[in-house]
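Working notes, structure below.
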Amino acid sequence: MGNIERVELLLLRLPYIHFFETSFGREEEREFILVKVHSGGLSGYGEVVADRSPLYSYETTSTAWSVLKDFLVPLVFEQSLSDPQVFHEEAKKYRGHPMAKAGLELAMWDIHGKKEEKPLWKIYGGVKKDIPSGVSIGIQDSVSELLERIQFFLDEGYQRIKVKIKPGWDYEILTEIRKTFPELALQADANGAYSLDDMENLKRLDEFKLLMLEQPFPPYDLWDHSRLQKELETPLCLDESIVSVGEARKAYEMKSCRIINIKVGRVGGIVESRQIHDFCQEKQIPVWCGGMLESGIGRAHNIHLATLPNFRFPNDLSASKRYYEEDLIEPQVEVSRTGTIRVPESPGIGVSPQEKRIERATLKREVIKAS
Ligand code: OSB
Ligand code: MG
């Protein structure tokens, strides 16, 4: 494969259609980085899911920008790296910063797929033509607004509902949801808002028969999760805690969870995501694909990943119109009446980034060239 000649970094801002509130707080818009790589007349796109503030993880748009510019992009040029798998290995010498690494690796996969003239799902070994879709609903101003939103998304066809919880917005809202929707496929995500002191309260959540409870305790805490999982009937699913295949193994050995959510950004790319997928498949731990409210570019990448066989639950992959007024791609991501997303068949990410829309949302742009 030819060398990468040029890498563009773009900082974008897109307003959400509806605010998104988690246990970290409320956000009205998303700031993120697009990585565009150029090689032999082709271009590939990746998305860096780091946010403006270090809430979900320590990375931010500015740390990712600086690590990409000063270390990761120069590495690609110095070593003439164009194979995403080789890039993944070489980039390990720089510690941390998985979201920055993933953004560049994704752009390299897109180019790779375009050169091979194959959609990424085929290159990854995917087996699904349609992906089951769930929706993640943030904390609302009132229970009635939450119930209305759930009904709205059920009418759209989504196969399961995930709600964000935190201390004080948990038992009562789940009680109300179960009263209205007794049979709903329902799960809850705490984004690390609880501690061992909340053990008794968390055990009470068993009565709601949740599909899973996601990340009750902070990241980097496999041990406390294993103590909770022992006491809980509800399967725990880890998100923030699983930053590599090594952590997935430790979670398995400690029985910290029964399900894992894979996010390409959190684990540092597709190569690591596939390793986690394969490890979990071997150990019979089902996985599903998490989301970071990506634009259509990041979302398309996630859709290809979610075609792998051990993705066994509905994913946090929703329609473009659930997030943004004007998504950055065509065709837009759509969810069918039966709650599925069709996997693109064109080469690479298989959707077309819309340059004009990207330009309108761009706050800052920099081009880095091979010397
Ligand atoms: O914990 O899964 C999470 C969004 C931003 C940060 C963390 C999370 C989320 C979501 C949204 O739940 C999922 C989506 O992209 O639809
Ligand atoms: Mg989560």
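Here's how to read the names in the structure tokens: chain A, B, ... by the order shown, residue numbers from 1 in each chain, ligand numbers from 1 in the order shown.
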*Can you pull out every residue within 9 Å of stretch 318-331 of chain A, counting only C-alpha atoms, but drop anything in the same chain fewer than 4 positions away, and send it as a count of residues only?*
28
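Around A:Ala361, within 6 Å and counting only C-alpha atoms, the residues found are Leu12, Arg13, Ile358 and Glu359 of chain A, once anything fewer than 2 positions away on its own chain is removed.
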DSSP-assigned alpha helix (DSSP H) among stretch 55-300 of chain A, expressed as an mmCIF file with N, CA and C atoms, in the first residue's frame:
data_model
loop_
_atom_site.group_PDB
_atom_site.id
_atom_site.type_symbol
_atom_site.label_atom_id
_atom_site.label_comp_id
_atom_site.auth_asym_id
_atom_site.auth_seq_id
_atom_site.Cartn_x
_atom_site.Cartn_y
_atom_site.Cartn_z
ATOM 1 N N THR A 61 -10.606 17.150 23.635
ATOM 2 C CA THR A 61 -10.288 17.498 22.239
ATOM 3 C C THR A 61 -8.894 18.124 22.170
ATOM 4 N N SER A 62 -8.506 18.910 23.175
ATOM 5 C CA SER A 62 -7.159 19.512 23.045
ATOM 6 C C SER A 62 -6.033 18.534 23.339
ATOM 7 N N THR A 63 -6.202 17.592 24.276
ATOM 8 C CA THR A 63 -5.117 16.606 24.462
ATOM 9 C C THR A 63 -4.999 15.737 23.209
ATOM 10 N N ALA A 64 -6.143 15.356 22.641
ATOM 11 C CA ALA A 64 -6.104 14.479 21.468
ATOM 12 C C ALA A 64 -5.454 15.202 20.282
ATOM 13 N N TRP A 65 -5.809 16.467 20.120
ATOM 14 C CA TRP A 65 -5.230 17.261 19.022
ATOM 15 C C TRP A 65 -3.716 17.288 19.180
ATOM 16 N N SER A 66 -3.243 17.571 20.384
ATOM 17 C CA SER A 66 -1.798 17.723 20.572
ATOM 18 C C SER A 66 -1.071 16.383 20.439
ATOM 19 N N VAL A 67 -1.640 15.298 20.952
ATOM 20 C CA VAL A 67 -0.985 13.986 20.816
ATOM 21 C C VAL A 67 -0.968 13.535 19.345
ATOM 22 N N VAL A 73 0.684 11.365 14.312
ATOM 23 C CA VAL A 73 0.808 11.628 12.868
ATOM 24 C C VAL A 73 2.288 11.577 12.440
ATOM 25 N N PRO A 74 3.228 12.208 13.190
ATOM 26 C CA PRO A 74 4.640 12.063 12.831
ATOM 27 C C PRO A 74 5.114 10.601 12.798
ATOM 28 N N LEU A 75 4.588 9.770 13.684
ATOM 29 C CA LEU A 75 4.956 8.353 13.685
ATOM 30 C C LEU A 75 4.574 7.696 12.355
ATOM 31 N N VAL A 76 3.370 8.009 11.878
ATOM 32 C CA VAL A 76 2.896 7.462 10.608
ATOM 33 C C VAL A 76 3.832 7.883 9.473
ATOM 34 N N PHE A 77 4.261 9.150 9.491
ATOM 35 C CA PHE A 77 5.155 9.649 8.430
ATOM 36 C C PHE A 77 6.564 9.076 8.558
ATOM 37 N N GLU A 78 7.140 9.114 9.754
ATOM 38 C CA GLU A 78 8.527 8.657 9.948
ATOM 39 C C GLU A 78 8.717 7.204 9.539
ATOM 40 N N PRO A 84 -3.159 -0.226 9.197
ATOM 41 C CA PRO A 84 -3.685 0.100 10.532
ATOM 42 C C PRO A 84 -3.243 -0.868 11.632
ATOM 43 N N GLN A 85 -3.018 -2.129 11.280
ATOM 44 C CA GLN A 85 -2.587 -3.094 12.312
ATOM 45 C C GLN A 85 -1.162 -2.786 12.770
ATOM 46 N N VAL A 86 -0.307 -2.422 11.810
ATOM 47 C CA VAL A 86 1.070 -2.071 12.161
ATOM 48 C C VAL A 86 1.063 -0.775 12.969
ATOM 49 N N PHE A 87 0.231 0.181 12.529
ATOM 50 C CA PHE A 87 0.116 1.430 13.286
ATOM 51 C C PHE A 87 -0.271 1.147 14.735
ATOM 52 N N HIS A 88 -1.244 0.264 14.930
ATOM 53 C CA HIS A 88 -1.706 -0.057 16.289
ATOM 54 C C HIS A 88 -0.535 -0.541 17.162
ATOM 55 N N GLU A 89 0.284 -1.429 16.611
ATOM 56 C CA GLU A 89 1.425 -1.962 17.386
ATOM 57 C C GLU A 89 2.446 -0.865 17.685
ATOM 58 N N GLU A 90 2.768 -0.082 16.662
ATOM 59 C CA GLU A 90 3.797 0.956 16.829
ATOM 60 C C GLU A 90 3.336 2.056 17.796
ATOM 61 N N ALA A 91 2.056 2.369 17.743
ATOM 62 C CA ALA A 91 1.542 3.469 18.574
ATOM 63 C C ALA A 91 1.494 3.090 20.052
ATOM 64 N N PRO A 98 -6.065 6.656 24.108
ATOM 65 C CA PRO A 98 -6.691 5.730 23.162
ATOM 66 C C PRO A 98 -7.616 6.415 22.149
ATOM 67 N N MET A 99 -8.304 7.477 22.553
ATOM 68 C CA MET A 99 -9.256 8.094 21.611
ATOM 69 C C MET A 99 -8.520 8.757 20.454
ATOM 70 N N ALA A 100 -7.382 9.384 20.766
ATOM 71 C CA ALA A 100 -6.563 9.994 19.714
ATOM 72 C C ALA A 100 -6.065 8.899 18.762
ATOM 73 N N LYS A 101 -5.566 7.804 19.332
ATOM 74 C CA LYS A 101 -5.064 6.702 18.504
ATOM 75 C C LYS A 101 -6.172 6.127 17.628
ATOM 76 N N ALA A 102 -7.340 5.927 18.246
ATOM 77 C CA ALA A 102 -8.452 5.310 17.499
ATOM 78 C C ALA A 102 -8.868 6.181 16.312
ATOM 79 N N GLY A 103 -8.910 7.500 16.493
ATOM 80 C CA GLY A 103 -9.348 8.380 15.407
ATOM 81 C C GLY A 103 -8.476 8.223 14.172
ATOM 82 N N LEU A 104 -7.166 8.156 14.394
ATOM 83 C CA LEU A 104 -6.244 7.991 13.267
ATOM 84 C C LEU A 104 -6.331 6.576 12.692
ATOM 85 N N GLU A 105 -6.407 5.594 13.566
ATOM 86 C CA GLU A 105 -6.501 4.205 13.084
ATOM 87 C C GLU A 105 -7.768 4.015 12.238
ATOM 88 N N LEU A 106 -8.870 4.604 12.669
ATOM 89 C CA LEU A 106 -10.125 4.471 11.914
ATOM 90 C C LEU A 106 -9.984 5.067 10.515
ATOM 91 N N ALA A 107 -9.333 6.229 10.429
ATOM 92 C CA ALA A 107 -9.139 6.849 9.111
ATOM 93 C C ALA A 107 -8.283 5.939 8.232
ATOM 94 N N MET A 108 -7.291 5.271 8.850
ATOM 95 C CA MET A 108 -6.448 4.346 8.081
ATOM 96 C C MET A 108 -7.253 3.123 7.620
ATOM 97 N N TRP A 109 -8.170 2.644 8.452
ATOM 98 C CA TRP A 109 -9.038 1.528 8.031
ATOM 99 C C TRP A 109 -9.937 1.943 6.869
ATOM 100 N N ASP A 110 -10.452 3.156 6.913
ATOM 101 C CA ASP A 110 -11.331 3.619 5.836
ATOM 102 C C ASP A 110 -10.573 3.614 4.507
ATOM 103 N N ILE A 111 -9.349 4.144 4.517
ATOM 104 C CA ILE A 111 -8.522 4.140 3.302
ATOM 105 C C ILE A 111 -8.211 2.705 2.867
ATOM 106 N N HIS A 112 -7.879 1.881 3.828
ATOM 107 C CA HIS A 112 -7.566 0.484 3.541
ATOM 108 C C HIS A 112 -8.743 -0.193 2.826
ATOM 109 N N GLY A 113 -9.952 0.011 3.360
ATOM 110 C CA GLY A 113 -11.145 -0.568 2.742
ATOM 111 C C GLY A 113 -11.360 -0.043 1.330
ATOM 112 N N LYS A 114 -11.091 1.257 1.154
ATOM 113 C CA LYS A 114 -11.283 1.845 -0.178
ATOM 114 C C LYS A 114 -10.270 1.275 -1.168
ATOM 115 N N LYS A 115 -9.029 1.086 -0.711
ATOM 116 C CA LYS A 115 -8.022 0.487 -1.606
ATOM 117 C C LYS A 115 -8.388 -0.940 -1.979
ATOM 118 N N GLU A 116 -8.905 -1.676 -1.022
ATOM 119 C CA GLU A 116 -9.300 -3.077 -1.265
ATOM 120 C C GLU A 116 -10.660 -3.180 -1.953
ATOM 121 N N LEU A 120 -15.810 -2.161 5.254
ATOM 122 C CA LEU A 120 -15.000 -2.570 6.405
ATOM 123 C C LEU A 120 -15.520 -3.824 7.080
ATOM 124 N N TRP A 121 -16.841 -3.992 7.110
ATOM 125 C CA TRP A 121 -17.364 -5.174 7.822
ATOM 126 C C TRP A 121 -16.827 -6.470 7.228
ATOM 127 N N LYS A 122 -16.612 -6.471 5.910
ATOM 128 C CA LYS A 122 -16.079 -7.687 5.274
ATOM 129 C C LYS A 122 -14.637 -7.917 5.674
ATOM 130 N N ILE A 123 -13.886 -6.817 5.757
ATOM 131 C CA ILE A 123 -12.479 -6.914 6.139
ATOM 132 C C ILE A 123 -12.357 -7.384 7.596
ATOM 133 N N TYR A 124 -13.278 -6.933 8.444
ATOM 134 C CA TYR A 124 -13.220 -7.309 9.865
ATOM 135 C C TYR A 124 -13.715 -8.738 10.125
ATOM 136 N N VAL A 143 -39.963 12.847 35.419
ATOM 137 C CA VAL A 143 -40.266 11.460 35.080
ATOM 138 C C VAL A 143 -41.227 11.403 33.894
ATOM 139 N N SER A 144 -42.198 12.326 33.846
ATOM 140 C CA SER A 144 -43.162 12.250 32.742
ATOM 141 C C SER A 144 -42.479 12.519 31.405
ATOM 142 N N GLU A 145 -41.517 13.433 31.392
ATOM 143 C CA GLU A 145 -40.781 13.648 30.136
ATOM 144 C C GLU A 145 -39.977 12.408 29.746
ATOM 145 N N LEU A 146 -39.416 11.741 30.742
ATOM 146 C CA LEU A 146 -38.663 10.508 30.460
ATOM 147 C C LEU A 146 -39.585 9.443 29.863
ATOM 148 N N LEU A 147 -40.761 9.260 30.461
ATOM 149 C CA LEU A 147 -41.702 8.242 29.956
ATOM 150 C C LEU A 147 -42.145 8.578 28.537
ATOM 151 N N GLU A 148 -42.365 9.870 28.275
ATOM 152 C CA GLU A 148 -42.741 10.287 26.921
ATOM 153 C C GLU A 148 -41.651 9.975 25.914
ATOM 154 N N ARG A 149 -40.414 10.230 26.315
ATOM 155 C CA ARG A 149 -39.299 9.954 25.397
ATOM 156 C C ARG A 149 -39.163 8.463 25.128
ATOM 157 N N ILE A 150 -39.353 7.659 26.154
ATOM 158 C CA ILE A 150 -39.276 6.208 25.952
ATOM 159 C C ILE A 150 -40.334 5.783 24.931
ATOM 160 N N GLN A 151 -41.574 6.260 25.134
ATOM 161 C CA GLN A 151 -42.649 5.908 24.207
ATOM 162 C C GLN A 151 -42.315 6.350 22.783
ATOM 163 N N PHE A 152 -41.764 7.559 22.676
ATOM 164 C CA PHE A 152 -41.391 8.085 21.360
ATOM 165 C C PHE A 152 -40.403 7.145 20.644
ATOM 166 N N PHE A 153 -39.373 6.722 21.363
ATOM 167 C CA PHE A 153 -38.364 5.870 20.714
ATOM 168 C C PHE A 153 -38.884 4.450 20.472
ATOM 169 N N LEU A 154 -39.769 3.972 21.327
ATOM 170 C CA LEU A 154 -40.376 2.658 21.066
ATOM 171 C C LEU A 154 -41.201 2.721 19.784
ATOM 172 N N ASP A 155 -41.928 3.829 19.591
ATOM 173 C CA ASP A 155 -42.720 3.993 18.373
ATOM 174 C C ASP A 155 -41.822 4.029 17.132
ATOM 175 N N GLU A 156 -40.579 4.502 17.320
ATOM 176 C CA GLU A 156 -39.632 4.537 16.195
ATOM 177 C C GLU A 156 -39.074 3.143 15.889
ATOM 178 N N TYR A 171 -34.002 4.335 41.615
ATOM 179 C CA TYR A 171 -35.082 3.431 42.018
ATOM 180 C C TYR A 171 -36.461 3.960 41.620
ATOM 181 N N GLU A 172 -36.689 5.236 41.887
ATOM 182 C CA GLU A 172 -38.023 5.794 41.626
ATOM 183 C C GLU A 172 -38.326 5.834 40.133
ATOM 184 N N ILE A 173 -37.359 6.258 39.336
ATOM 185 C CA ILE A 173 -37.672 6.351 37.898
ATOM 186 C C ILE A 173 -37.814 4.956 37.284
ATOM 187 N N LEU A 174 -37.010 4.009 37.765
ATOM 188 C CA LEU A 174 -37.135 2.644 37.228
ATOM 189 C C LEU A 174 -38.488 2.045 37.630
ATOM 190 N N THR A 175 -38.969 2.374 38.829
ATOM 191 C CA THR A 175 -40.293 1.917 39.255
ATOM 192 C C THR A 175 -41.362 2.445 38.300
ATOM 193 N N GLU A 176 -41.275 3.731 37.981
ATOM 194 C CA GLU A 176 -42.256 4.342 37.071
ATOM 195 C C GLU A 176 -42.170 3.730 35.677
ATOM 196 N N ILE A 177 -40.934 3.520 35.218
ATOM 197 C CA ILE A 177 -40.776 2.937 33.873
ATOM 198 C C ILE A 177 -41.402 1.536 33.839
ATOM 199 N N ARG A 178 -41.142 0.752 34.871
ATOM 200 C CA ARG A 178 -41.684 -0.619 34.889
ATOM 201 C C ARG A 178 -43.214 -0.645 34.999
ATOM 202 N N LYS A 179 -43.773 0.366 35.699
ATOM 203 C CA LYS A 179 -45.241 0.447 35.793
ATOM 204 C C LYS A 179 -45.841 0.640 34.413
ATOM 205 N N THR A 180 -45.214 1.516 33.634
ATOM 206 C CA THR A 180 -45.755 1.839 32.309
ATOM 207 C C THR A 180 -45.357 0.806 31.259
ATOM 208 N N MET A 199 -24.092 -0.247 47.981
ATOM 209 C CA MET A 199 -24.357 -1.666 47.704
ATOM 210 C C MET A 199 -25.822 -2.040 47.928
ATOM 211 N N GLU A 200 -26.390 -1.669 49.060
ATOM 212 C CA GLU A 200 -27.771 -2.086 49.367
ATOM 213 C C GLU A 200 -28.759 -1.475 48.377
ATOM 214 N N ASN A 201 -28.541 -0.202 48.029
ATOM 215 C CA ASN A 201 -29.427 0.442 47.049
ATOM 216 C C ASN A 201 -29.315 -0.204 45.678
ATOM 217 N N LEU A 202 -28.092 -0.571 45.303
ATOM 218 C CA LEU A 202 -27.908 -1.192 43.988
ATOM 219 C C LEU A 202 -28.561 -2.575 43.952
ATOM 220 N N LYS A 203 -28.497 -3.293 45.062
ATOM 221 C CA LYS A 203 -29.118 -4.624 45.105
ATOM 222 C C LYS A 203 -30.633 -4.535 44.897
ATOM 223 N N LEU A 222 -12.053 -2.701 38.943
ATOM 224 C CA LEU A 222 -12.579 -4.034 38.649
ATOM 225 C C LEU A 222 -12.925 -4.779 39.926
ATOM 226 N N TRP A 223 -12.166 -4.523 40.977
ATOM 227 C CA TRP A 223 -12.358 -5.289 42.206
ATOM 228 C C TRP A 223 -13.716 -5.001 42.854
ATOM 229 N N ASP A 224 -14.056 -3.730 43.010
ATOM 230 C CA ASP A 224 -15.350 -3.412 43.625
ATOM 231 C C ASP A 224 -16.511 -3.905 42.756
ATOM 232 N N HIS A 225 -16.337 -3.846 41.444
ATOM 233 C CA HIS A 225 -17.381 -4.392 40.576
ATOM 234 C C HIS A 225 -17.548 -5.890 40.817
ATOM 235 N N SER A 226 -16.453 -6.594 41.061
ATOM 236 C CA SER A 226 -16.588 -8.037 41.294
ATOM 237 C C SER A 226 -17.297 -8.293 42.626
ATOM 238 N N ARG A 227 -17.071 -7.441 43.604
ATOM 239 C CA ARG A 227 -17.800 -7.597 44.878
ATOM 240 C C ARG A 227 -19.289 -7.374 44.678
ATOM 241 N N LEU A 228 -19.634 -6.384 43.863
ATOM 242 C CA LEU A 228 -21.052 -6.108 43.594
ATOM 243 C C LEU A 228 -21.677 -7.240 42.772
ATOM 244 N N GLN A 229 -20.976 -7.683 41.722
ATOM 245 C CA GLN A 229 -21.560 -8.716 40.853
ATOM 246 C C GLN A 229 -21.908 -9.980 41.643
ATOM 247 N N LYS A 230 -21.100 -10.299 42.644
ATOM 248 C CA LYS A 230 -21.377 -11.468 43.503
ATOM 249 C C LYS A 230 -22.723 -11.362 44.203
ATOM 250 N N GLU A 231 -23.109 -10.127 44.529
ATOM 251 C CA GLU A 231 -24.319 -9.896 45.325
ATOM 252 C C GLU A 231 -25.546 -9.624 44.474
ATOM 253 N N VAL A 245 -7.707 -5.262 25.967
ATOM 254 C CA VAL A 245 -7.994 -6.691 26.082
ATOM 255 C C VAL A 245 -7.439 -7.224 27.411
ATOM 256 N N GLY A 246 -6.362 -6.629 27.900
ATOM 257 C CA GLY A 246 -5.804 -7.016 29.200
ATOM 258 C C GLY A 246 -6.792 -6.773 30.339
ATOM 259 N N GLU A 247 -7.463 -5.628 30.304
ATOM 260 C CA GLU A 247 -8.454 -5.339 31.351
ATOM 261 C C GLU A 247 -9.681 -6.252 31.199
ATOM 262 N N ALA A 248 -10.023 -6.603 29.952
ATOM 263 C CA ALA A 248 -11.142 -7.531 29.739
ATOM 264 C C ALA A 248 -10.802 -8.883 30.383
ATOM 265 N N ARG A 249 -9.571 -9.323 30.219
ATOM 266 C CA ARG A 249 -9.157 -10.584 30.840
ATOM 267 C C ARG A 249 -9.246 -10.507 32.364
ATOM 268 N N LYS A 250 -8.769 -9.406 32.929
ATOM 269 C CA LYS A 250 -8.815 -9.279 34.390
ATOM 270 C C LYS A 250 -10.267 -9.239 34.888
ATOM 271 N N ALA A 251 -11.113 -8.548 34.152
ATOM 272 C CA ALA A 251 -12.532 -8.489 34.540
ATOM 273 C C ALA A 251 -13.147 -9.888 34.498
ATOM 274 N N TYR A 252 -12.755 -10.658 33.492
ATOM 275 C CA TYR A 252 -13.248 -12.035 33.373
ATOM 276 C C TYR A 252 -12.744 -12.879 34.552
ATOM 277 N N GLU A 253 -11.458 -12.772 34.842
ATOM 278 C CA GLU A 253 -10.874 -13.598 35.915
ATOM 279 C C GLU A 253 -11.442 -13.216 37.283
ATOM 280 N N MET A 254 -11.694 -11.931 37.487
ATOM 281 C CA MET A 254 -12.236 -11.482 38.777
ATOM 282 C C MET A 254 -13.749 -11.563 38.834
ATOM 283 N N VAL A 264 -14.800 1.771 20.361
ATOM 284 C CA VAL A 264 -13.527 1.853 19.642
ATOM 285 C C VAL A 264 -12.619 2.922 20.255
ATOM 286 N N GLY A 265 -13.182 4.067 20.602
ATOM 287 C CA GLY A 265 -12.371 5.168 21.123
ATOM 288 C C GLY A 265 -11.764 4.837 22.486
ATOM 289 N N ARG A 266 -12.582 4.256 23.343
ATOM 290 C CA ARG A 266 -12.123 3.962 24.699
ATOM 291 C C ARG A 266 -10.979 2.959 24.724
ATOM 292 N N VAL A 267 -10.974 2.017 23.777
ATOM 293 C CA VAL A 267 -9.962 0.951 23.797
ATOM 294 C C VAL A 267 -8.823 1.215 22.816
ATOM 295 N N ILE A 270 -9.772 -0.260 16.310
ATOM 296 C CA ILE A 270 -10.438 -1.479 15.838
ATOM 297 C C ILE A 270 -9.631 -2.726 16.188
ATOM 298 N N VAL A 271 -8.304 -2.632 16.104
ATOM 299 C CA VAL A 271 -7.480 -3.819 16.366
ATOM 300 C C VAL A 271 -7.738 -4.298 17.801
ATOM 301 N N GLU A 272 -7.681 -3.355 18.743
ATOM 302 C CA GLU A 272 -7.917 -3.706 20.155
ATOM 303 C C GLU A 272 -9.375 -4.154 20.361
ATOM 304 N N SER A 273 -10.301 -3.493 19.684
ATOM 305 C CA SER A 273 -11.725 -3.879 19.802
ATOM 306 C C SER A 273 -11.939 -5.319 19.360
ATOM 307 N N ARG A 274 -11.289 -5.699 18.258
ATOM 308 C CA ARG A 274 -11.454 -7.071 17.761
ATOM 309 C C ARG A 274 -10.806 -8.075 18.706
ATOM 310 N N GLN A 275 -9.684 -7.673 19.326
ATOM 311 C CA GLN A 275 -9.055 -8.580 20.297
ATOM 312 C C GLN A 275 -9.976 -8.794 21.498
ATOM 313 N N ILE A 276 -10.626 -7.721 21.948
ATOM 314 C CA ILE A 276 -11.561 -7.857 23.075
ATOM 315 C C ILE A 276 -12.746 -8.732 22.651
ATOM 316 N N HIS A 277 -13.257 -8.453 21.450
ATOM 317 C CA HIS A 277 -14.358 -9.265 20.922
ATOM 318 C C HIS A 277 -13.995 -10.744 20.910
ATOM 319 N N ASP A 278 -12.811 -11.067 20.394
ATOM 320 C CA ASP A 278 -12.415 -12.474 20.252
ATOM 321 C C ASP A 278 -12.190 -13.120 21.618
ATOM 322 N N PHE A 279 -11.562 -12.381 22.519
ATOM 323 C CA PHE A 279 -11.353 -12.910 23.869
ATOM 324 C C PHE A 279 -12.706 -13.223 24.518
ATOM 325 N N CYS A 280 -13.633 -12.272 24.413
ATOM 326 C CA CYS A 280 -14.947 -12.450 25.047
ATOM 327 C C CYS A 280 -15.716 -13.598 24.410
ATOM 328 N N GLN A 281 -15.579 -13.729 23.110
ATOM 329 C CA GLN A 281 -16.263 -14.826 22.419
ATOM 330 C C GLN A 281 -15.773 -16.169 22.962
ATOM 331 N N GLU A 282 -14.450 -16.259 23.120
ATOM 332 C CA GLU A 282 -13.866 -17.505 23.625
ATOM 333 C C GLU A 282 -14.349 -17.794 25.051
ATOM 334 N N GLY A 296 -22.136 10.897 12.054
ATOM 335 C CA GLY A 296 -22.304 9.757 11.162
ATOM 336 C C GLY A 296 -21.001 9.068 10.802
ATOM 337 N N ILE A 297 -19.903 9.791 10.863
ATOM 338 C CA ILE A 297 -18.614 9.195 10.488
ATOM 339 C C ILE A 297 -18.178 8.170 11.531
ATOM 340 N N GLY A 298 -18.169 8.562 12.793
ATOM 341 C CA GLY A 298 -17.842 7.613 13.853
ATOM 342 C C GLY A 298 -18.885 6.499 13.936
ATOM 343 N N ARG A 299 -20.133 6.872 13.728
ATOM 344 C CA ARG A 299 -21.221 5.899 13.814
ATOM 345 C C ARG A 299 -21.096 4.826 12.744
ATOM 346 N N ALA A 300 -20.748 5.248 11.511
ATOM 347 C CA ALA A 300 -20.581 4.274 10.427
ATOM 348 C C ALA A 300 -19.471 3.290 10.797
#
*Could you pull out the residues in stretch 73-161 of chain A that DSSP calls strand (DSSP E) from the backbone, as a list in words?*
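Those in stretch 73-161 of chain A that DSSP calls strand (DSSP E) are Asp130, Ile131, Pro132, Gly134, Val135, Ser136, Ile137, Arg160 and Ile161 of chain A.
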*asked:* Taking only C-alpha atoms and all ligand atoms into account, which residues have an atom no farther than 10 Å from ligand 1? I'd like them as a PyMOL selection string.
replied: chain A and resi 20-24+27+30+49-51+55-57+133-138+162-164+188-192+214-215+238-240+261-263+289-295+298-299+302+315-320+322-323
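Each of A:Leu210, A:Ala306, A:Ala193, A:Leu205 was checked against ligand 2 using only C-alpha atoms and all ligand atoms; the smallest atom-to-atom distance is that of A:Ala193.
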